[in-house]
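A.B. asks: File follows, structure11.txt with compact mmCIF, C-alpha atoms and all ligand atoms:
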```txt
# COMPACT_ATOMS: atom_id res chain seq x y z
CA MET A 1 0.00 0.00 0.00
CA THR A 2 1.39 3.37 -0.94
CA VAL A 3 1.63 6.48 1.22
CA ASP A 4 -1.18 7.91 -0.94
CA ALA A 5 -3.44 4.98 -0.09
CA SER A 6 -2.63 5.29 3.59
CA ASN A 7 -3.48 9.01 3.44
CA ALA A 8 -6.70 8.24 1.57
CA LEU A 9 -7.66 5.83 4.34
CA LEU A 10 -6.96 8.44 7.03
CA ARG A 11 -9.01 11.05 5.14
CA TRP A 12 -11.88 8.56 4.84
CA TYR A 13 -11.65 7.90 8.59
CA VAL A 14 -11.98 11.58 9.48
CA VAL A 15 -15.34 11.69 7.70
CA ASP A 16 -16.72 8.17 8.13
CA LYS A 17 -15.47 6.87 11.46
CA ARG A 18 -17.98 5.15 13.71
CA PRO A 19 -19.07 7.29 16.69
CA LEU A 20 -18.09 4.88 19.47
CA PRO A 21 -18.37 5.94 23.13
CA TRP A 22 -14.81 4.87 23.99
CA ARG A 23 -13.21 7.04 21.31
CA ALA A 24 -11.66 10.48 21.93
CA GLN A 25 -14.43 13.05 22.49
CA GLY A 26 -12.75 16.32 21.58
CA GLU A 27 -9.43 15.61 23.30
CA GLU A 28 -6.45 14.51 21.20
CA ARG A 29 -6.32 11.00 22.60
CA PRO A 30 -8.89 8.94 24.48
CA ASP A 31 -8.54 7.95 28.15
CA PRO A 32 -6.37 4.76 28.34
CA TYR A 33 -8.77 3.32 30.94
CA ARG A 34 -11.70 3.60 28.51
CA VAL A 35 -9.64 2.19 25.63
CA TRP A 36 -8.52 -0.76 27.75
CA LEU A 37 -12.03 -1.43 29.08
CA SER A 38 -13.57 -1.34 25.60
CA GLU A 39 -10.89 -3.58 24.11
CA ILE A 40 -11.37 -6.23 26.83
CA MET A 41 -15.14 -6.10 26.36
CA LEU A 42 -14.86 -6.28 22.57
CA GLN A 43 -12.83 -9.50 22.61
CA GLN A 44 -15.16 -12.10 21.04
CA THR A 45 -18.14 -9.72 21.26
CA THR A 46 -19.85 -7.24 18.94
CA VAL A 47 -19.86 -3.45 19.27
CA ALA A 48 -23.66 -3.49 19.66
CA ALA A 49 -23.48 -5.93 22.59
CA VAL A 50 -20.65 -4.01 24.28
CA ARG A 51 -22.16 -0.50 24.13
CA PRO A 52 -24.59 -0.76 27.11
CA TYR A 53 -22.03 -2.62 29.22
CA PHE A 54 -19.41 0.03 28.52
CA GLN A 55 -21.84 2.78 29.56
CA LYS A 56 -22.78 0.86 32.70
CA PHE A 57 -19.16 0.19 33.72
CA THR A 58 -17.86 3.71 33.09
CA GLY A 59 -20.91 5.20 34.85
CA ARG A 60 -20.37 3.03 37.91
CA TRP A 61 -16.55 2.89 37.88
CA PRO A 62 -15.26 5.97 36.00
CA THR A 63 -11.58 5.31 36.76
CA VAL A 64 -9.31 2.31 37.02
CA GLU A 65 -8.95 3.00 40.75
CA ALA A 66 -12.73 2.87 41.21
CA LEU A 67 -12.92 -0.44 39.36
CA ALA A 68 -9.99 -1.82 41.35
CA ALA A 69 -11.79 -0.98 44.61
CA ALA A 70 -15.06 -2.67 43.57
CA GLU A 71 -16.25 -5.97 45.07
CA GLU A 72 -15.42 -8.85 42.73
CA ALA A 73 -18.97 -10.25 42.94
CA GLU A 74 -20.39 -6.83 41.99
CA VAL A 75 -18.18 -6.63 38.88
CA MET A 76 -18.98 -10.22 37.88
CA SER A 77 -22.66 -9.47 38.25
CA ALA A 78 -22.37 -6.29 36.12
CA TRP A 79 -20.56 -8.37 33.47
CA ALA A 80 -23.27 -11.07 33.41
CA GLY A 81 -24.61 -11.63 29.90
CA LEU A 82 -21.47 -10.45 28.12
CA GLY A 83 -19.98 -13.97 28.14
CA TYR A 84 -16.41 -15.29 28.30
CA TYR A 85 -16.24 -14.70 32.03
CA ALA A 86 -12.49 -15.25 32.32
CA ARG A 87 -12.26 -11.75 30.80
CA ALA A 88 -14.13 -10.26 33.76
CA ARG A 89 -11.86 -11.97 36.26
CA ASN A 90 -8.81 -10.71 34.35
CA LEU A 91 -10.40 -7.25 34.17
CA ILE A 92 -10.52 -7.02 37.97
CA ALA A 93 -7.00 -8.43 38.34
CA CYS A 94 -5.64 -5.98 35.76
CA ALA A 95 -7.42 -2.97 37.32
CA ARG A 96 -5.97 -3.87 40.72
CA THR A 97 -2.45 -4.27 39.31
CA VAL A 98 -2.61 -0.90 37.51
CA ALA A 99 -4.15 0.89 40.50
CA ALA A 100 -1.52 -0.58 42.85
CA ALA A 101 1.21 0.77 40.55
CA GLY A 102 -0.16 4.33 40.70
CA GLY A 103 -3.14 4.17 38.33
CA ALA A 104 -1.41 4.81 34.99
CA PHE A 105 -1.46 2.21 32.22
CA PRO A 106 1.96 1.62 30.63
CA ASP A 107 2.25 2.95 27.06
CA ASP A 108 4.61 0.26 25.86
CA GLU A 109 3.34 -2.98 24.28
CA ALA A 110 5.76 -5.25 26.15
CA GLU A 111 4.79 -3.74 29.52
CA LEU A 112 1.09 -3.88 28.67
CA ARG A 113 1.40 -7.58 27.85
CA LYS A 114 2.57 -8.31 31.38
CA LEU A 115 -0.87 -7.28 32.68
CA PRO A 116 -3.62 -9.90 33.22
CA GLY A 117 -5.87 -10.46 30.19
CA ILE A 118 -3.80 -8.37 27.75
CA GLY A 119 -2.47 -10.28 24.75
CA ARG A 120 -0.72 -9.21 21.56
CA TYR A 121 -3.72 -7.57 19.91
CA THR A 122 -4.98 -5.72 22.99
CA ALA A 123 -1.51 -4.43 23.92
CA ALA A 124 -0.99 -3.10 20.38
CA ALA A 125 -4.46 -1.50 20.30
CA ILE A 126 -3.99 0.31 23.65
CA SER A 127 -0.46 1.42 22.78
CA ALA A 128 -1.52 2.83 19.39
CA ILE A 129 -4.97 4.23 20.21
CA ALA A 130 -4.44 5.58 23.73
CA PHE A 131 -0.78 6.63 23.42
CA GLY A 132 -0.22 7.18 19.69
CA ARG A 133 2.71 4.75 19.60
CA ARG A 134 3.51 2.74 16.51
CA ALA A 135 2.05 -0.74 16.93
CA VAL A 136 0.71 -3.35 14.52
CA VAL A 137 -2.96 -3.80 15.40
CA VAL A 138 -4.66 -6.82 13.83
CA ASP A 139 -8.18 -7.81 14.84
CA SER A 140 -10.52 -9.93 12.71
CA ASN A 141 -11.62 -6.88 10.67
CA VAL A 142 -8.04 -5.87 9.92
CA GLU A 143 -7.19 -9.49 9.13
CA ARG A 144 -9.90 -9.54 6.47
CA VAL A 145 -8.90 -6.18 4.94
CA VAL A 146 -5.21 -7.11 4.77
CA SER A 147 -5.88 -10.59 3.36
CA ARG A 148 -7.87 -8.92 0.57
CA LEU A 149 -5.46 -6.02 -0.04
CA PHE A 150 -2.66 -8.54 -0.66
CA ALA A 151 -4.84 -11.47 -1.87
CA VAL A 152 -3.18 -13.76 0.69
CA LYS A 153 -3.24 -17.30 -0.66
CA ARG A 154 -2.49 -19.17 2.56
CA GLU A 155 -5.49 -20.28 4.63
CA LEU A 156 -6.33 -19.09 8.11
CA PRO A 157 -5.31 -19.84 10.80
CA ALA A 158 -1.90 -20.70 9.23
CA ALA A 159 -1.88 -17.33 7.41
CA ARG A 160 -2.04 -15.34 10.65
CA GLU A 161 1.68 -14.53 10.91
CA GLU A 162 1.89 -13.61 7.21
CA ILE A 163 -1.08 -11.25 7.60
CA TYR A 164 0.48 -9.75 10.71
CA ALA A 165 3.73 -9.08 8.82
CA LEU A 166 1.82 -7.54 5.90
CA ALA A 167 -0.15 -5.35 8.31
CA GLY A 168 3.19 -4.26 9.77
CA SER A 169 4.45 -3.37 6.29
CA ILE A 170 1.61 -0.83 5.79
CA THR A 171 1.43 0.60 9.33
CA PRO A 172 2.68 4.20 9.26
CA GLU A 173 5.11 5.73 11.75
CA ARG A 174 2.71 8.55 12.61
CA GLN A 175 -1.04 8.66 13.33
CA CYS A 176 -0.82 5.02 14.27
CA GLY A 177 -3.93 5.07 16.46
CA ASP A 178 -6.07 6.64 13.74
CA PHE A 179 -4.65 4.21 11.17
CA ALA A 180 -5.51 1.19 13.35
CA GLN A 181 -9.04 2.43 14.00
CA ALA A 182 -9.50 3.33 10.33
CA MET A 183 -8.56 -0.21 9.28
CA MET A 184 -10.97 -1.67 11.85
CA ASP A 185 -13.79 0.63 10.74
CA LEU A 186 -13.13 -0.10 7.09
CA GLY A 187 -13.44 -3.83 7.83
CA ALA A 188 -16.60 -3.32 9.88
CA THR A 189 -18.44 -1.03 7.48
CA VAL A 190 -16.99 -1.28 3.93
CA CYS A 191 -14.81 -4.36 3.55
CA THR A 192 -17.45 -6.56 5.17
CA PRO A 193 -17.30 -10.39 5.15
CA ARG A 194 -20.04 -10.63 2.50
CA ASP A 195 -20.54 -8.09 -0.27
CA PRO A 196 -17.62 -5.71 0.34
CA SER A 197 -18.41 -2.22 -1.00
CA CYS A 198 -15.32 -1.87 -3.19
CA GLY A 199 -16.95 0.97 -5.13
CA ILE A 200 -16.67 3.35 -2.15
CA CYS A 201 -13.48 1.93 -0.65
CA PRO A 202 -10.56 4.37 -0.18
CA LEU A 203 -8.12 1.47 -0.76
CA ALA A 204 -9.71 0.20 -3.97
CA ASP A 205 -6.81 1.26 -6.20
CA SER A 206 -4.32 -0.73 -4.10
CA CYS A 207 -6.41 -3.86 -3.58
CA ALA A 208 -5.20 -7.12 -5.15
CA ALA A 209 -8.38 -9.06 -4.35
CA ARG A 210 -10.50 -6.42 -6.04
CA GLU A 211 -8.31 -6.65 -9.11
CA GLU A 212 -8.71 -10.43 -9.15
CA GLY A 213 -12.47 -9.88 -9.21
CA ASP A 214 -13.81 -11.85 -6.22
CA PRO A 215 -12.66 -10.24 -2.96
CA GLN A 216 -15.27 -12.13 -0.95
CA LEU A 217 -13.11 -15.25 -1.36
CA TYR A 218 -10.68 -13.81 1.18
CA PRO A 219 -9.58 -14.56 3.81
CA LEU A 220 -9.20 -18.20 2.78
CA LYS A 221 -10.11 -20.48 5.65
CA ALA A 222 -9.30 -24.10 6.47
CA ALA A 223 -12.41 -26.27 6.91
CA ARG A 224 -13.71 -26.01 10.48
CA SER A 225 -13.78 -29.06 12.66
CA ARG A 226 -17.15 -29.73 14.28
CA ARG A 227 -17.67 -28.52 17.83
CA PRO A 228 -17.81 -31.41 20.32
CA HIS A 229 -21.06 -31.91 22.23
CA LYS A 230 -21.33 -32.06 25.99
CA GLN A 231 -24.18 -32.84 28.32
CA GLY A 232 -24.93 -31.69 31.82
CA ASN A 233 -27.64 -31.50 34.49
CA ALA A 234 -28.85 -28.34 36.21
CA PHE A 235 -31.11 -28.23 39.26
CA TRP A 236 -33.91 -25.87 40.23
CA LEU A 237 -34.50 -26.44 43.97
CA GLN A 238 -37.15 -24.15 45.39
CA ASN A 239 -38.54 -23.44 48.83
CA ASP A 240 -41.19 -20.90 49.74
CA GLY A 241 -40.61 -18.54 46.79
CA HIS A 242 -36.82 -18.91 46.86
CA VAL A 243 -34.49 -20.91 44.62
CA LEU A 244 -31.05 -22.28 45.39
CA LEU A 245 -28.14 -20.54 43.61
CA VAL A 246 -24.47 -21.42 44.00
CA ARG A 247 -21.33 -19.51 43.11
CA ARG A 248 -19.29 -21.48 40.60
CA PRO A 249 -15.62 -22.23 41.33
CA ALA A 250 -13.31 -19.37 40.28
CA LYS A 251 -11.55 -21.50 37.66
CA GLY A 252 -13.41 -23.21 34.83
CA MET A 253 -16.45 -22.42 32.67
CA LEU A 254 -18.48 -19.43 33.94
CA GLY A 255 -16.02 -19.30 36.85
CA GLY A 256 -16.99 -17.05 39.75
CA MET A 257 -20.54 -16.54 38.45
CA LEU A 258 -23.76 -17.31 40.31
CA GLY A 259 -25.86 -20.06 38.73
CA LEU A 260 -28.16 -22.98 39.38
CA PRO A 261 -26.31 -25.98 40.82
CA THR A 262 -25.02 -28.28 38.06
CA GLY A 263 -23.30 -31.65 37.88
CA GLU A 264 -20.38 -32.51 35.61
CA TRP A 265 -20.36 -31.46 31.96
CA GLY A 266 -19.16 -34.21 29.64
CA PRO A 267 -19.87 -36.33 26.59
CA ASP A 268 -22.16 -38.71 28.46
CA VAL A 269 -23.58 -37.64 31.83
CA ALA A 270 -26.10 -39.79 33.74
CA PRO A 271 -29.56 -38.28 34.43
CA ARG A 272 -29.72 -36.39 37.77
CA GLN A 273 -25.94 -36.69 38.30
CA GLY A 274 -24.75 -33.88 40.57
CA ALA A 275 -28.05 -33.14 42.37
CA PRO A 276 -27.42 -30.74 45.31
CA ALA A 277 -29.87 -32.59 47.63
CA ALA A 278 -32.05 -35.67 47.83
CA ALA A 279 -35.46 -34.63 46.49
CA ASP A 280 -38.27 -35.72 44.20
CA TRP A 281 -36.55 -34.38 41.06
CA GLN A 282 -38.80 -33.90 38.04
CA GLU A 283 -37.52 -33.43 34.49
CA ALA A 284 -38.34 -30.01 33.04
CA GLY A 285 -36.82 -30.18 29.56
CA ALA A 286 -33.39 -29.05 28.39
CA VAL A 287 -31.56 -25.98 27.13
CA ASP A 288 -28.97 -25.83 24.32
CA HIS A 289 -26.09 -23.39 24.63
CA VAL A 290 -23.04 -22.95 22.42
CA PHE A 291 -19.65 -22.04 23.87
CA THR A 292 -16.60 -21.35 21.69
CA HIS A 293 -15.18 -24.84 22.04
CA PHE A 294 -18.22 -27.01 22.59
CA ALA A 295 -22.00 -27.18 22.42
CA LEU A 296 -23.80 -27.96 25.66
CA ASN A 297 -27.15 -29.64 26.17
CA MET A 298 -28.23 -29.00 29.74
CA ARG A 299 -31.13 -30.99 31.22
CA LEU A 300 -33.10 -29.28 33.96
CA TYR A 301 -34.49 -31.05 37.01
CA CYS A 302 -36.86 -29.28 39.40
CA ALA A 303 -37.94 -30.07 42.94
CA GLU A 304 -39.49 -28.57 46.06
CA ALA A 305 -37.20 -28.64 49.13
CA GLN A 306 -38.80 -29.28 52.52
CA ARG A 307 -36.10 -27.22 54.24
CA ARG A 308 -33.32 -24.86 53.10
CA GLU A 309 -30.52 -27.26 53.97
CA ALA A 310 -28.58 -27.36 50.70
CA GLU A 311 -25.54 -25.03 50.63
CA GLY A 312 -25.67 -21.86 48.57
CA SER A 313 -27.78 -18.72 48.56
CA TRP A 314 -31.56 -18.96 48.49
CA TRP A 315 -32.62 -16.22 46.10
CA PRO A 316 -36.18 -14.81 45.82
CA VAL A 317 -37.59 -16.14 42.53
CA GLU A 318 -39.32 -12.81 41.84
CA ARG A 319 -35.94 -11.02 41.98
CA LEU A 320 -33.91 -13.49 39.91
CA SER A 321 -33.34 -10.86 37.21
CA GLU A 322 -31.13 -9.01 39.74
CA ALA A 323 -28.89 -12.02 40.39
CA GLY A 324 -26.60 -11.31 37.41
CA LEU A 325 -26.93 -14.82 36.00
CA PRO A 326 -25.00 -15.67 32.82
CA THR A 327 -27.13 -16.38 29.73
CA LEU A 328 -27.08 -20.18 30.12
CA PHE A 329 -28.61 -19.89 33.60
CA VAL A 330 -31.08 -17.21 32.53
CA LYS A 331 -32.46 -19.70 29.99
CA LEU A 332 -32.55 -22.50 32.59
CA ALA A 333 -34.15 -20.24 35.20
CA GLU A 334 -36.91 -19.33 32.72
CA ARG A 335 -37.71 -23.04 32.44
CA GLY A 336 -37.56 -23.43 36.20
CA ALA A 337 -39.92 -20.50 36.73
CA ALA A 338 -42.34 -21.99 34.16
CA TRP A 339 -42.25 -25.32 36.03
CA ARG A 340 -42.96 -23.46 39.27
CA SER A 341 -45.97 -21.70 37.78
CA ALA A 342 -47.34 -24.96 36.37
CA ALA A 343 -46.77 -26.98 39.57
S1 LIG B 401 -11.33 -2.73 -2.46
FE1 LIG B 401 -12.94 -4.06 -1.72
S2 LIG B 401 -11.90 -5.91 -1.05
FE2 LIG B 401 -10.33 -4.37 -1.29
S3 LIG B 401 -10.09 -3.48 0.75
FE3 LIG B 401 -11.61 -2.22 -0.32
S4 LIG B 401 -13.63 -3.11 0.18
FE4 LIG B 401 -12.03 -4.61 0.73
```
Using structure tokens, write down the structure that the file contains.
Ligand code: SF4
C.D. replies:
Amino acid sequence: MTVDASNALLRWYVVDKRPLPWRAQGEERPDPYRVWLSEIMLQQTTVAAVRPYFQKFTGRWPTVEALAAAEEAEVMSAWAGLGYYARARNLIACARTVAAAGGAFPDDEAELRKLPGIGRYTAAAISAIAFGRRAVVVDSNVERVVSRLFAVKRELPAAREEIYALAGSITPERQCGDFAQAMMDLGATVCTPRDPSCGICPLADSCAAREEGDPQLYPLKAARSRRPHKQGNAFWLQNDGHVLLVRRPAKGMLGGMLGLPTGEWGPDVAPRQGAPAAADWQEAGAVDHVFTHFALNMRLYCAEAQRREAEGSWWPVERLSEAGLPTLFVKLAERGAAWRSAA
């Protein structure tokens, strides 16, 4: 890509950039705390899903010190529904590390990568966007744009390092943050996965895939292996308008989150395995949920407890929406509440 093309992209960005709440609002550079928070939230999640969470978090915890001082359970509950809960645990750990060191995020990629939850992409994004340092920023949008610009013939994921090197070859020395965000926005709004709008693209004259005639072919991808299936049992144990919730172990799937008690999750789990108490368990259907690495089919068993002996917190059923349950348990709780109404 020539200097002219890079300038054309930056000019396009000035006019067409997406108005995102974590971007600079008048000041030259955005607040590193807001950049960091948005980048952690955006990992594996869409801009539309992140927006309300970002507003909620910055309203409640406007600085990294405020977030560092928050109760872990409160932060996990505010994160509920955004998924990939290891990110929330790392978020708290990172905020506490930064606050303990004086409250300033480092501007250097290598130093940023030492912080919990910050990998190569996030370190580069914070360094470029919040501090204006030269860094090669490659998210899935940039990956697509670069693979098309250079018509990369190797398949993903093997092509990842080649694409990273090519992205490095076109990253300018100056205005690095704007360049990174311009590439991301171009991928999100013009060079989209299907039907890229090459006719209005500021990089059209430099694009090898466009010249070949079928840019949608890129990035080439190796055939996906099928997600494995797992099974599990969840338990709705109620007593006098309350239902038993347990906090999941800190490590593992949905770690640290409140949920209904469950048994093991595996390829072949026996019915009622893992029940939190002896009771007259009745089947109440099942819920399907897809995680990144496997698909889960969770059977639900419901029962009335004579006494509140089982360990956990007994939560008022009418206030379950305030419990901050992750999506899997929201779906299961809806079934449990329907069973309760029908019983
Ligand atoms: S010309 Fe088309 S394929 Fe190439 S970068 Fe622009 S939108 Fe993407």
A.B. asks: Which residue is closest to ligand LIG 401 (chain B)? Choose from A:Arg224, A:Arg194, A:Arg113, A:Arg60 and count only C-alpha atoms and all ligand atoms.
C.D. replies: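 So, comparing all the options, the nearest one is A:Arg194.
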A.B. asks: Residues within 8 Å of ligand LIG 401 (chain B) should be enumerated using all atoms listed in the file and returned as a ChimeraX atom specification.
C.D. replies: /A:144-146,148-149,186-187,190-192,196-210,215-216
A.B. asks: Can you list, as a PDB file with C-alpha atoms, in the coordinates of the input, every protein, DNA or RNA residue that comes within 10 Å of Ser321 (chain A) when you count all atoms listed in the file, leaving out same-chain residues fewer than 4 positions away?
C.D. replies:
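This went into out_24.pdb:
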```pdb
ATOM      1  CA  PRO A 316     -36.180 -14.810  45.820  1.00  0.00           C
ATOM      2  CA  VAL A 317     -37.590 -16.140  42.530  1.00  0.00           C
ATOM      3  CA  LEU A 325     -26.930 -14.820  36.000  1.00  0.00           C
ATOM      4  CA  VAL A 330     -31.080 -17.210  32.530  1.00  0.00           C
ATOM      5  CA  ALA A 333     -34.150 -20.240  35.200  1.00  0.00           C
TER       6      ALA A 333
END
```
A.B. asks: Between A:Asp195, A:Asp139, A:Asp240, A:Asp268, which has the minimum distance to Pro228 (chain A) (counting only C-alpha atoms)?
C.D. replies: A:Asp268
A.B. asks: Choose the residue, out of A:Ala337, A:Ala286, A:Ala80, A:Val64, that has the smallest atom-to-atom separation from Val98 (chain A); count all atoms listed in the file.
C.D. replies: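 Using all atoms listed in the file, the shortest distance to Val98 (chain A) belongs to A:Val64.
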A.B. asks: Would you kindly return, as a PyMOL selection string, each protein, DNA or RNA residue with an atom no farther than 8 Å from any atom of Gly83 (chain A), considering all atoms listed in the file and excluding same-chain residues fewer than 4 positions away?
C.D. replies: chain A and resi 79+326-327
A.B. asks: Under the rule that all atoms listed in the file are counted, which of A:Glu211, A:Asp280, A:Glu318, A:Glu71 is the nearest residue to His242 (chain A)?
C.D. replies: A:Glu318
A.B. asks: Write out as an mmCIF file with C-alpha atoms, in the coordinates of the input which residues come within 12 Å of Ser147 (chain A) when counting only C-alpha atoms, dropping same-chain ones fewer than 2 positions away.
C.D. replies:
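part-v3.cif, freshly written:
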```cif
data_model
loop_
_atom_site.group_PDB
_atom_site.id
_atom_site.type_symbol
_atom_site.label_atom_id
_atom_site.label_comp_id
_atom_site.auth_asym_id
_atom_site.auth_seq_id
_atom_site.Cartn_x
_atom_site.Cartn_y
_atom_site.Cartn_z
ATOM 1 C CA VAL A 138 -4.660 -6.820 13.830
ATOM 2 C CA SER A 140 -10.520 -9.930 12.710
ATOM 3 C CA ASN A 141 -11.620 -6.880 10.670
ATOM 4 C CA VAL A 142 -8.040 -5.870 9.920
ATOM 5 C CA GLU A 143 -7.190 -9.490 9.130
ATOM 6 C CA ARG A 144 -9.900 -9.540 6.470
ATOM 7 C CA VAL A 145 -8.900 -6.180 4.940
ATOM 8 C CA LEU A 149 -5.460 -6.020 -0.040
ATOM 9 C CA PHE A 150 -2.660 -8.540 -0.660
ATOM 10 C CA ALA A 151 -4.840 -11.470 -1.870
ATOM 11 C CA VAL A 152 -3.180 -13.760 0.690
ATOM 12 C CA LYS A 153 -3.240 -17.300 -0.660
ATOM 13 C CA ARG A 154 -2.490 -19.170 2.560
ATOM 14 C CA GLU A 155 -5.490 -20.280 4.630
ATOM 15 C CA LEU A 156 -6.330 -19.090 8.110
ATOM 16 C CA PRO A 157 -5.310 -19.840 10.800
ATOM 17 C CA ALA A 159 -1.880 -17.330 7.410
ATOM 18 C CA ARG A 160 -2.040 -15.340 10.650
ATOM 19 C CA GLU A 161 1.680 -14.530 10.910
ATOM 20 C CA GLU A 162 1.890 -13.610 7.210
ATOM 21 C CA ILE A 163 -1.080 -11.250 7.600
ATOM 22 C CA TYR A 164 0.480 -9.750 10.710
ATOM 23 C CA ALA A 165 3.730 -9.080 8.820
ATOM 24 C CA LEU A 166 1.820 -7.540 5.900
ATOM 25 C CA ALA A 167 -0.150 -5.350 8.310
ATOM 26 C CA GLY A 187 -13.440 -3.830 7.830
ATOM 27 C CA CYS A 191 -14.810 -4.360 3.550
ATOM 28 C CA PRO A 193 -17.300 -10.390 5.150
ATOM 29 C CA CYS A 207 -6.410 -3.860 -3.580
ATOM 30 C CA ALA A 208 -5.200 -7.120 -5.150
ATOM 31 C CA ALA A 209 -8.380 -9.060 -4.350
ATOM 32 C CA ARG A 210 -10.500 -6.420 -6.040
ATOM 33 C CA PRO A 215 -12.660 -10.240 -2.960
ATOM 34 C CA GLN A 216 -15.270 -12.130 -0.950
ATOM 35 C CA LEU A 217 -13.110 -15.250 -1.360
ATOM 36 C CA TYR A 218 -10.680 -13.810 1.180
ATOM 37 C CA PRO A 219 -9.580 -14.560 3.810
ATOM 38 C CA LEU A 220 -9.200 -18.200 2.780
ATOM 39 C CA LYS A 221 -10.110 -20.480 5.650
#
```
A.B. asks: Just to confirm, what's the straight-line distance from CA of Asn90 (chain A) to CA of Val287 (chain A) in Å (one decimal)?
C.D. replies: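 Between CA of Asn90 (chain A) and CA of Val287 (chain A) the gap works out to 28.3 Å.
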A.B. asks: Tell me which of A:Thr46, A:Gln306, A:Ser77, A:Thr58 sits closest to Asn239 (chain A), counting only C-alpha atoms.
C.D. replies: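 Of the candidates, the smallest distance to Asn239 (chain A) is held by A:Gln306.
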A.B. asks: Provide the CA of Ala295 (chain A) to CA of Gly312 (chain A) distance in Å, to one decimal place.
C.D. replies: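 We find that CA of Ala295 (chain A) and CA of Gly312 (chain A) lie 26.9 Å from each other.
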